[in-house]
$ cat query-v4.cif   # mmCIF, C-alpha atoms; chains and numbers go by the auth columns
data_entry
#
loop_
_atom_site.group_PDB
_atom_site.id
_atom_site.type_symbol
_atom_site.label_atom_id
_atom_site.label_comp_id
_atom_site.label_asym_id
_atom_site.label_seq_id
_atom_site.Cartn_x
_atom_site.Cartn_y
_atom_site.Cartn_z
_atom_site.B_iso_or_equiv
_atom_site.auth_seq_id
_atom_site.auth_asym_id
ATOM 1 C CA MET A 1 17.574 -2.782 2.681 0.00 8 A
ATOM 2 C CA SER A 2 20.075 -5.364 3.897 0.00 9 A
ATOM 3 C CA GLU A 3 23.695 -4.566 4.666 0.00 10 A
ATOM 4 C CA SER A 4 24.847 -6.364 1.501 0.00 11 A
ATOM 5 C CA GLU A 5 22.369 -4.373 -0.610 0.00 12 A
ATOM 6 C CA TYR A 6 23.562 -1.195 1.079 0.00 13 A
ATOM 7 C CA LYS A 7 27.189 -1.971 0.234 0.00 14 A
ATOM 8 C CA ASP A 8 26.351 -2.960 -3.349 0.00 15 A
ATOM 9 C CA GLY A 9 24.136 0.052 -3.886 0.00 16 A
ATOM 10 C CA GLN A 10 21.153 -2.020 -4.982 0.00 17 A
ATOM 11 C CA GLY A 11 17.877 -0.180 -5.250 0.00 18 A
ATOM 12 C CA LEU A 12 19.688 3.131 -5.405 0.00 19 A
ATOM 13 C CA PRO A 13 20.194 5.637 -8.247 0.00 20 A
ATOM 14 C CA THR A 14 23.354 4.995 -10.220 0.00 21 A
ATOM 15 C CA ARG A 15 26.496 6.996 -9.782 0.00 22 A
ATOM 16 C CA GLN A 16 25.879 8.676 -13.157 0.00 23 A
ATOM 17 C CA TRP A 17 22.361 9.690 -12.078 0.00 24 A
ATOM 18 C CA LEU A 18 23.760 11.258 -8.935 0.00 25 A
ATOM 19 C CA GLU A 19 26.495 13.022 -10.832 0.00 26 A
ATOM 20 C CA ASP A 20 24.047 14.435 -13.385 0.00 27 A
ATOM 21 C CA SER A 21 21.627 15.662 -10.742 0.00 28 A
ATOM 22 C CA PHE A 22 24.197 17.044 -8.340 0.00 29 A
ATOM 23 C CA MET A 23 26.655 18.601 -10.765 0.00 30 A
ATOM 24 C CA LYS A 24 24.246 21.358 -11.677 0.00 31 A
ATOM 25 C CA GLN A 25 23.615 22.127 -8.030 0.00 32 A
ATOM 26 C CA LEU A 26 27.276 21.965 -7.132 0.00 33 A
ATOM 27 C CA GLY A 27 28.289 24.260 -9.943 0.00 34 A
ATOM 28 C CA GLU A 28 30.812 21.779 -11.307 0.00 35 A
ATOM 29 C CA ASN A 29 29.269 21.647 -14.767 0.00 36 A
ATOM 30 C CA ALA A 30 31.427 24.644 -15.637 0.00 37 A
ATOM 31 C CA SER A 31 34.449 22.499 -16.518 0.00 38 A
ATOM 32 C CA ALA A 32 38.044 23.661 -16.602 0.00 39 A
ATOM 33 C CA ALA A 33 38.138 22.875 -20.341 0.00 40 A
ATOM 34 C CA SER A 34 35.367 25.343 -21.244 0.00 41 A
ATOM 35 C CA ILE A 35 37.048 28.024 -19.141 0.00 42 A
ATOM 36 C CA ALA A 36 40.338 27.390 -20.897 0.00 43 A
ATOM 37 C CA GLU A 37 38.781 28.084 -24.336 0.00 44 A
ATOM 38 C CA GLU A 38 37.751 31.567 -23.261 0.00 45 A
ATOM 39 C CA LEU A 39 40.821 32.353 -21.181 0.00 46 A
ATOM 40 C CA PRO A 40 44.100 31.658 -23.010 0.00 47 A
ATOM 41 C CA ASP A 41 46.165 32.956 -20.083 0.00 48 A
ATOM 42 C CA LYS A 42 46.910 29.861 -17.981 0.00 49 A
ATOM 43 C CA SER A 43 47.380 31.865 -14.805 0.00 50 A
ATOM 44 C CA ASP A 44 43.930 33.413 -15.242 0.00 51 A
ATOM 45 C CA MET A 45 42.484 29.998 -16.039 0.00 52 A
ATOM 46 C CA SER A 46 43.960 28.596 -12.834 0.00 53 A
ATOM 47 C CA SER A 47 42.472 31.468 -10.856 0.00 54 A
ATOM 48 C CA GLU A 48 39.011 30.990 -12.373 0.00 55 A
ATOM 49 C CA LYS A 49 39.145 27.240 -11.861 0.00 56 A
ATOM 50 C CA SER A 50 39.965 27.691 -8.171 0.00 57 A
ATOM 51 C CA VAL A 51 36.922 29.958 -7.816 0.00 58 A
ATOM 52 C CA VAL A 52 34.683 27.337 -9.456 0.00 59 A
ATOM 53 C CA ASP A 53 36.200 24.557 -7.347 0.00 60 A
ATOM 54 C CA SER A 54 35.709 26.638 -4.229 0.00 61 A
ATOM 55 C CA LYS A 55 32.031 27.216 -4.996 0.00 62 A
ATOM 56 C CA GLY A 56 31.600 23.549 -5.857 0.00 63 A
ATOM 57 C CA ASN A 57 33.223 22.443 -2.604 0.00 64 A
ATOM 58 C CA ASP A 58 31.054 24.830 -0.596 0.00 65 A
ATOM 59 C CA SER A 59 27.904 23.492 -2.254 0.00 66 A
ATOM 60 C CA ARG A 60 29.018 19.912 -1.730 0.00 67 A
ATOM 61 C CA GLU A 61 29.703 20.553 1.942 0.00 68 A
ATOM 62 C CA LYS A 62 26.299 22.165 2.432 0.00 69 A
ATOM 63 C CA LEU A 63 24.617 19.290 0.629 0.00 70 A
ATOM 64 C CA LEU A 64 26.386 16.736 2.805 0.00 71 A
ATOM 65 C CA ASN A 65 25.459 18.658 5.947 0.00 72 A
ATOM 66 C CA ASP A 66 21.811 18.546 4.884 0.00 73 A
ATOM 67 C CA LEU A 67 22.004 14.838 4.102 0.00 74 A
ATOM 68 C CA PHE A 68 23.505 13.985 7.477 0.00 75 A
ATOM 69 C CA GLU A 69 21.036 16.216 9.298 0.00 76 A
ATOM 70 C CA ILE A 70 18.143 14.410 7.605 0.00 77 A
ATOM 71 C CA ARG A 71 19.781 11.071 8.431 0.00 78 A
ATOM 72 C CA ASP A 72 20.169 11.988 12.112 0.00 79 A
ATOM 73 C CA ARG A 73 16.553 13.128 12.350 0.00 80 A
ATOM 74 C CA LEU A 74 15.327 9.906 10.770 0.00 81 A
ATOM 75 C CA ILE A 75 17.391 7.917 13.264 0.00 82 A
ATOM 76 C CA ASP A 76 15.837 9.914 16.128 0.00 83 A
ATOM 77 C CA THR A 77 12.373 9.290 14.649 0.00 84 A
ATOM 78 C CA PHE A 78 13.092 5.573 14.433 0.00 85 A
ATOM 79 C CA ALA A 79 14.271 5.506 18.064 0.00 86 A
ATOM 80 C CA VAL A 80 11.053 7.164 19.268 0.00 87 A
ATOM 81 C CA GLY A 81 8.944 4.401 17.697 0.00 88 A
ATOM 82 C CA ASN A 82 11.221 1.770 19.245 0.00 89 A
ATOM 83 C CA ASP A 83 9.588 -1.156 17.463 0.00 90 A
ATOM 84 C CA GLN A 84 9.848 -3.159 14.269 0.00 91 A
ATOM 85 C CA THR A 85 6.944 -2.100 12.064 0.00 92 A
ATOM 86 C CA THR A 86 6.336 -1.397 8.396 0.00 93 A
ATOM 87 C CA ILE A 87 7.019 2.282 9.080 0.00 94 A
ATOM 88 C CA GLY A 88 10.212 1.299 10.859 0.00 95 A
ATOM 89 C CA ASP A 89 11.290 -0.689 7.792 0.00 96 A
ATOM 90 C CA ILE A 90 10.605 2.296 5.540 0.00 97 A
ATOM 91 C CA ILE A 91 12.595 4.641 7.784 0.00 98 A
ATOM 92 C CA THR A 92 15.467 2.150 7.903 0.00 99 A
ATOM 93 C CA ASP A 93 15.505 1.927 4.116 0.00 100 A
ATOM 94 C CA GLN A 94 15.526 5.720 3.723 0.00 101 A
ATOM 95 C CA ILE A 95 18.322 6.138 6.268 0.00 102 A
ATOM 96 C CA ASN A 96 20.521 3.705 4.357 0.00 103 A
ATOM 97 C CA ARG A 97 19.671 5.331 1.012 0.00 104 A
ATOM 98 C CA ILE A 98 20.792 8.696 2.367 0.00 105 A
ATOM 99 C CA SER A 99 23.940 7.085 3.764 0.00 106 A
ATOM 100 C CA ARG A 100 24.676 5.578 0.360 0.00 107 A
ATOM 101 C CA CYS A 101 24.239 8.944 -1.377 0.00 108 A
ATOM 102 C CA ALA A 102 26.606 10.573 1.118 0.00 109 A
ATOM 103 C CA SER A 103 29.138 7.808 0.477 0.00 110 A
ATOM 104 C CA LEU A 104 28.979 8.411 -3.291 0.00 111 A
ATOM 105 C CA LEU A 105 29.709 12.067 -2.599 0.00 112 A
ATOM 106 C CA GLY A 106 32.868 11.102 -0.750 0.00 113 A
ATOM 107 C CA ALA A 107 31.605 11.075 2.840 0.00 114 A
ATOM 108 C CA PRO A 108 31.238 7.430 3.898 0.00 115 A
ATOM 109 C CA ALA A 109 28.372 6.735 6.298 0.00 116 A
ATOM 110 C CA GLU A 110 27.967 3.532 8.272 0.00 117 A
ATOM 111 C CA TYR A 111 25.227 1.047 7.552 0.00 118 A
ATOM 112 C CA PHE A 112 22.223 1.623 9.817 0.00 119 A
ATOM 113 C CA ASP A 113 21.273 -1.558 11.670 0.00 120 A
ATOM 114 C CA PRO A 114 17.839 -1.125 13.312 0.00 121 A
ATOM 115 C CA LEU A 115 18.650 -3.709 15.986 0.00 122 A
ATOM 116 C CA ASP A 116 21.299 -1.346 17.361 0.00 123 A
ATOM 117 C CA HIS A 117 18.556 1.199 18.050 0.00 124 A
ATOM 118 C CA LEU A 118 15.895 -1.063 19.527 0.00 125 A
ATOM 119 C CA SER A 119 15.549 -2.016 23.173 0.00 126 A
ATOM 120 C CA GLY A 120 13.245 -4.043 25.377 0.00 127 A
ATOM 121 C CA LEU A 121 14.156 -1.860 28.360 0.00 128 A
ATOM 122 C CA ASN A 122 11.813 0.776 29.700 0.00 129 A
ATOM 123 C CA VAL A 123 12.922 4.107 31.192 0.00 130 A
ATOM 124 C CA PRO A 124 14.035 3.549 34.811 0.00 131 A
ATOM 125 C CA ASN A 125 11.705 4.615 37.605 0.00 132 A
ATOM 126 C CA ILE A 126 13.351 7.827 38.840 0.00 133 A
ATOM 127 C CA LYS A 127 11.541 7.737 42.183 0.00 134 A
ATOM 128 C CA HIS A 128 12.773 4.201 42.763 0.00 135 A
ATOM 129 C CA ASN A 129 16.299 5.397 41.928 0.00 136 A
ATOM 130 C CA ALA A 130 15.984 8.251 44.444 0.00 137 A
ATOM 131 C CA GLU A 131 14.831 5.775 47.084 0.00 138 A
ATOM 132 C CA ASN A 132 17.900 3.664 46.286 0.00 139 A
ATOM 133 C CA VAL A 133 20.114 6.714 46.850 0.00 140 A
ATOM 134 C CA ILE A 134 18.693 7.156 50.349 0.00 141 A
ATOM 135 C CA ALA A 135 19.023 3.424 51.027 0.00 142 A
ATOM 136 C CA ASN A 136 22.639 3.450 49.820 0.00 143 A
ATOM 137 C CA THR A 137 23.391 6.388 52.080 0.00 144 A
ATOM 138 C CA LYS A 138 21.839 4.764 55.151 0.00 145 A
ATOM 139 C CA THR A 139 23.620 1.486 54.468 0.00 146 A
ATOM 140 C CA CYS A 140 27.077 2.901 53.777 0.00 147 A
ATOM 141 C CA TYR A 141 27.346 6.047 55.907 0.00 148 A
ATOM 142 C CA GLN A 142 29.324 5.342 59.095 0.00 149 A
ATOM 143 C CA LEU A 143 30.090 8.712 60.678 0.00 150 A
ATOM 144 C CA GLY A 144 26.687 9.337 62.247 0.00 151 A
ATOM 145 C CA LYS A 145 22.963 8.947 61.746 0.00 152 A
ATOM 146 C CA VAL A 146 21.138 9.493 58.457 0.00 153 A
ATOM 147 C CA GLU A 147 17.491 10.244 57.890 0.00 154 A
ATOM 148 C CA GLY A 148 15.929 10.539 54.451 0.00 155 A
ATOM 149 C CA LYS A 149 13.384 13.283 54.998 0.00 156 A
ATOM 150 C CA GLU A 150 11.632 13.661 51.666 0.00 157 A
ATOM 151 C CA ILE A 151 11.722 13.001 47.927 0.00 158 A
ATOM 152 C CA SER A 152 10.224 15.746 45.764 0.00 159 A
ATOM 153 C CA GLU A 153 7.126 15.089 43.671 0.00 160 A
ATOM 154 C CA ASP A 154 9.172 14.991 40.462 0.00 161 A
ATOM 155 C CA SER A 155 11.736 12.732 42.234 0.00 162 A
ATOM 156 C CA LYS A 156 14.596 15.050 41.272 0.00 163 A
ATOM 157 C CA ALA A 157 15.257 16.433 44.752 0.00 164 A
ATOM 158 C CA ILE A 158 16.192 14.577 47.929 0.00 165 A
ATOM 159 C CA ILE A 159 15.981 16.189 51.364 0.00 166 A
ATOM 160 C CA ILE A 160 18.249 14.406 53.824 0.00 167 A
ATOM 161 C CA GLU A 161 19.635 14.941 57.312 0.00 168 A
ATOM 162 C CA PHE A 162 22.903 13.868 58.940 0.00 169 A
ATOM 163 C CA SER A 163 23.482 14.054 62.681 0.00 170 A
ATOM 164 C CA GLY A 164 26.127 12.986 65.152 0.00 171 A
ATOM 165 C CA ASP A 165 28.534 13.963 67.927 0.00 172 A
ATOM 166 C CA LYS A 166 32.168 14.892 67.463 0.00 173 A
ATOM 167 C CA ASP A 167 34.689 16.600 69.706 0.00 174 A
ATOM 168 C CA GLY A 168 32.040 17.544 72.251 0.00 175 A
ATOM 169 C CA MET A 169 29.710 19.038 69.639 0.00 176 A
ATOM 170 C CA ARG A 170 26.335 17.766 68.540 0.00 177 A
ATOM 171 C CA TYR A 171 25.621 18.597 64.916 0.00 178 A
ATOM 172 C CA THR A 172 22.817 18.300 62.388 0.00 179 A
ATOM 173 C CA ALA A 173 23.439 18.888 58.685 0.00 180 A
ATOM 174 C CA SER A 174 20.252 19.221 56.623 0.00 181 A
ATOM 175 C CA GLY A 175 20.632 19.141 52.866 0.00 182 A
ATOM 176 C CA THR A 176 18.592 19.422 49.689 0.00 183 A
ATOM 177 C CA ILE A 177 20.221 17.814 46.670 0.00 184 A
ATOM 178 C CA LYS A 178 18.696 18.209 43.248 0.00 185 A
ATOM 179 C CA GLY A 179 19.628 17.106 39.743 0.00 186 A
ATOM 180 C CA ASN A 180 18.026 16.109 36.468 0.00 187 A
ATOM 181 C CA GLY A 181 17.767 12.471 37.525 0.00 188 A
ATOM 182 C CA TRP A 182 19.229 9.788 39.770 0.00 189 A
ATOM 183 C CA GLN A 183 20.956 6.679 38.445 0.00 190 A
ATOM 184 C CA GLY A 184 20.376 4.743 41.657 0.00 191 A
ATOM 185 C CA ASN A 185 24.044 3.984 42.394 0.00 192 A
ATOM 186 C CA GLU A 186 24.649 7.299 44.181 0.00 193 A
ATOM 187 C CA ALA A 187 24.810 8.100 47.881 0.00 194 A
ATOM 188 C CA ILE A 188 24.902 11.389 49.779 0.00 195 A
ATOM 189 C CA ASP A 189 28.038 11.944 51.841 0.00 196 A
ATOM 190 C CA TYR A 190 28.711 14.418 54.642 0.00 197 A
ATOM 191 C CA ILE A 191 31.940 15.171 56.460 0.00 198 A
ATOM 192 C CA TYR A 192 31.639 17.305 59.596 0.00 199 A
ATOM 193 C CA THR A 193 34.157 19.868 60.768 0.00 200 A
ATOM 194 C CA PRO A 194 33.423 22.455 63.483 0.00 201 A
ATOM 195 C CA GLY A 195 31.405 25.290 61.972 0.00 202 A
ATOM 196 C CA SER A 196 31.667 23.827 58.506 0.00 203 A
ATOM 197 C CA GLY A 197 32.049 20.513 56.677 0.00 204 A
ATOM 198 C CA LYS A 198 31.134 19.267 53.252 0.00 205 A
ATOM 199 C CA MET A 199 28.076 17.557 51.751 0.00 206 A
ATOM 200 C CA SER A 200 28.468 15.829 48.395 0.00 207 A
ATOM 201 C CA VAL A 201 27.027 13.287 45.977 0.00 208 A
ATOM 202 C CA LYS A 202 29.077 10.209 45.175 0.00 209 A
ATOM 203 C CA ALA A 203 28.473 7.245 42.888 0.00 210 A
ATOM 204 C CA PHE A 204 29.890 3.767 43.370 0.00 211 A
ATOM 205 C CA GLU A 205 31.853 2.916 40.236 0.00 212 A
ATOM 206 C CA ASP A 206 34.672 0.436 39.625 0.00 213 A
ATOM 207 C CA GLY A 207 34.758 -0.560 43.274 0.00 214 A
ATOM 208 C CA LYS A 208 35.050 2.930 44.767 0.00 215 A
ATOM 209 C CA TRP A 209 33.051 6.078 45.498 0.00 216 A
ATOM 210 C CA ILE A 210 33.500 8.788 42.860 0.00 217 A
ATOM 211 C CA ASP A 211 32.463 12.387 43.510 0.00 218 A
ATOM 212 C CA LYS A 212 29.630 13.451 41.176 0.00 219 A
ATOM 213 C CA SER A 213 28.684 16.679 42.926 0.00 220 A
ATOM 214 C CA ASP A 214 29.297 18.743 39.798 0.00 221 A
ATOM 215 C CA LYS A 215 26.188 17.140 38.251 0.00 222 A
ATOM 216 C CA TYR A 216 23.924 18.218 41.101 0.00 223 A
ATOM 217 C CA ASN A 217 22.930 21.336 42.968 0.00 224 A
ATOM 218 C CA VAL A 218 23.545 20.990 46.676 0.00 225 A
ATOM 219 C CA ALA A 219 22.214 23.255 49.439 0.00 226 A
ATOM 220 C CA TRP A 220 22.904 22.375 53.065 0.00 227 A
ATOM 221 C CA GLU A 221 22.747 23.937 56.489 0.00 228 A
ATOM 222 C CA LEU A 222 24.626 23.049 59.661 0.00 229 A
ATOM 223 C CA THR A 223 23.272 23.382 63.178 0.00 230 A
ATOM 224 C CA GLU A 224 25.566 22.800 66.171 0.00 231 A
ATOM 225 C CA SER A 225 25.313 22.721 69.970 0.00 232 A
ATOM 226 C CA SER A 226 27.521 21.656 72.820 0.00 233 A
ATOM 227 C CA VAL A 227 26.873 18.130 74.072 0.00 234 A
ATOM 228 C CA GLU A 228 27.154 19.517 77.619 0.00 235 A
ATOM 229 C CA ASP A 229 24.535 22.176 76.929 0.00 236 A
ATOM 230 C CA ASP A 230 21.652 20.111 75.586 0.00 237 A
ATOM 231 C CA GLY A 231 19.229 22.524 77.171 0.00 238 A
ATOM 232 C CA ILE A 232 20.520 25.422 75.080 0.00 239 A
ATOM 233 C CA GLU A 233 18.799 26.137 71.790 0.00 240 A
ATOM 234 C CA PRO A 234 21.147 25.112 68.951 0.00 241 A
ATOM 235 C CA SER A 235 22.507 27.987 66.890 0.00 242 A
ATOM 236 C CA ASN A 236 22.822 28.064 63.143 0.00 243 A
ATOM 237 C CA ASN A 237 26.554 28.621 62.689 0.00 244 A
ATOM 238 C CA ALA A 238 27.245 27.734 59.094 0.00 245 A
ATOM 239 C CA SER A 239 25.628 27.231 55.738 0.00 246 A
ATOM 240 C CA ASN A 240 26.722 26.305 52.258 0.00 247 A
ATOM 241 C CA ASP A 241 23.992 27.175 49.773 0.00 248 A
ATOM 242 C CA PHE A 242 23.994 26.816 45.998 0.00 249 A
ATOM 243 C CA ASP A 243 21.395 27.613 43.403 0.00 250 A
ATOM 244 C CA ILE A 244 18.723 24.964 42.978 0.00 251 A
ATOM 245 C CA ILE A 245 17.596 23.973 39.491 0.00 252 A
ATOM 246 C CA GLU A 246 14.206 25.510 38.797 0.00 253 A
ATOM 247 C CA GLU A 247 11.467 23.647 36.968 0.00 254 A
#

$ encode --input "query-v4.cif" --output "structure tokens"
Amino acid sequence: MSESEYKDGQGLPTRQWLEDSFMKQLGENASAASIAEELPDKSDMSSEKSVVDSKGNDSREKLLNDLFEIRDRLIDTFAVGNDQTTIGDIITDQINRISRCASLLGAPAEYFDPLDHLSGLNVPNIKHNAENVIANTKTCYQLGKVEGKEISEDSKAIIIEFSGDKDGMRYTASGTIKGNGWQGNEAIDYIYTPGSGKMSVKAFEDGKWIDKSDKYNVAWELTESSVEDDGIEPSNNASNDFDIIEE
């Protein structure tokens, strides 16, 4: 069905057909006139009519909810196929027929253009994105050394290590950052303070780094030692652990 056919209602049941088929279901076939014949009291008639209208409106709302739910599911089904086939044409036609029916019931629905739901792009390689995150971090981090230790098998978790010297202290911050997926424009950031600090996830957007830590679970551990006491075993002085997303 083309957009012009959709707007003109071609190939669809007529308005009268819809009214005849839906009126019974909506309960609107009990007209105010027939109620008036049995109920001479106008106040009573008004009360009865409001009850009928209320039931009719409830039925109409439920019907529209069902129509839009079916429409949404058909759109999802079309998106899964992601190609232009005979089945895709049939689904497109049915989506626009449902939209037209909803419009005739007073709930306008936009014309479904299949080209808006097709793409030649494949799903990004999440492991490649995770590797980009480590590369971004190594390229942009300037407060110390960075070592990307490991990427998990499902590519959702990155294990990374920051190290450096500051104010006579040698520190190592080891972190595990996990989320549902990496976009590839993120980097891991770490700011050291004695006995503490902060590790976070930031994404480069609109020319600046934006904190995105709320979308990830971050667990990190800080180890410190005096630069003058390199022979002394470093002590674990601080940690900042959060729950990790389980598979």

$ closest_residue --input "query-v4.cif" --among "A:Asp196, A:Asp96, A:Asp123, A:Asp73" --to "Cys147 (chain A)" --atoms "all atoms listed in the file"
A:Asp196

$ closest_residue --input "query-v4.cif" --among "A:Gly113, A:Gly95, A:Gly151, A:Gly202" --to "Asn64 (chain A)" --atoms "all atoms listed in the file"
A:Gly113

$ resolve_selection --input "query-v4.cif" --expression "the PyMOL selection byres ((chain A and resi 116) around 10)" --output "MDAnalysis selection string"
chainID A and resid 75 78 103 105:111 113:115 117:119

$ resolve_selection --input "query-v4.cif" --expression "the PyMOL selection byres ((chain A and resi 136) around 6)" --output "list of chain:residue names"
A:Ile133, A:Lys134, A:His135, A:Ala137, A:Glu138, A:Asn139, A:Trp189, A:Gln190, A:Gly191

$ residues_around --input "query-v4.cif" --residues "Gly182 (chain A)" --least-positions-apart "4" --cutoff "8 Å" --atoms "only C-alpha atoms" --output "list in words"
Ile166, Ile167, Glu168, Met206, Val225, Ala226, Trp227 and Glu228 of chain A

$ write_last_selection --input "query-v4.cif" --atoms "C-alpha atoms" --output "JSON list (two decimals), keeping the file's coordinate frame"
[["chain", "number", "residue", "atom", "x", "y", "z"],
["A", 166, "ILE", "CA", 15.98, 16.19, 51.36],
["A", 167, "ILE", "CA", 18.25, 14.41, 53.82],
["A", 168, "GLU", "CA", 19.64, 14.94, 57.31],
["A", 206, "MET", "CA", 28.08, 17.56, 51.75],
["A", 225, "VAL", "CA", 23.54, 20.99, 46.68],
["A", 226, "ALA", "CA", 22.21, 23.26, 49.44],
["A", 227, "TRP", "CA", 22.90, 22.38, 53.06],
["A", 228, "GLU", "CA", 22.75, 23.94, 56.49]]

$ closest_residue --input "query-v4.cif" --among "A:Gly171, A:Asp83, A:Arg177, A:Lys185" --to "Ile158 (chain A)" --atoms "all atoms listed in the file"
A:Lys185

$ closest_residue --input "query-v4.cif" --among "A:Asn129, A:Lys173, A:Lys156, A:Phe211" --to "Ile141 (chain A)" --atoms "all atoms listed in the file"
A:Lys156

$ atom_distance --input "query-v4.cif" --atom1 "CA of Pro201 (chain A)" --atom2 "CA of Thr183 (chain A)"
20.5 Å

$ closest_residue --input "query-v4.cif" --among "A:Ala180, A:Leu122, A:Val140, A:Ile94" --to "Glu193 (chain A)" --atoms "all atoms listed in the file"
A:Val140

$ axis_aligned_box --input "query-v4.cif" --around "region 101-106 of chain A" --padding-each-side "8 Å" --output "lines of an AutoDock Vina configuration file"
center_x = 19.7
center_y = 6.2
center_z = 3.6
size_x = 24.4
size_y = 21.0
size_z = 21.3

$ atom_distance --input "query-v4.cif" --atom1 "CA of Pro121 (chain A)" --atom2 "CA of Ile97 (chain A)"
11.2 Å

$ atom_distance --input "query-v4.cif" --atom1 "CA of Glu231 (chain A)" --atom2 "CA of Ile217 (chain A)"
28.3 Å
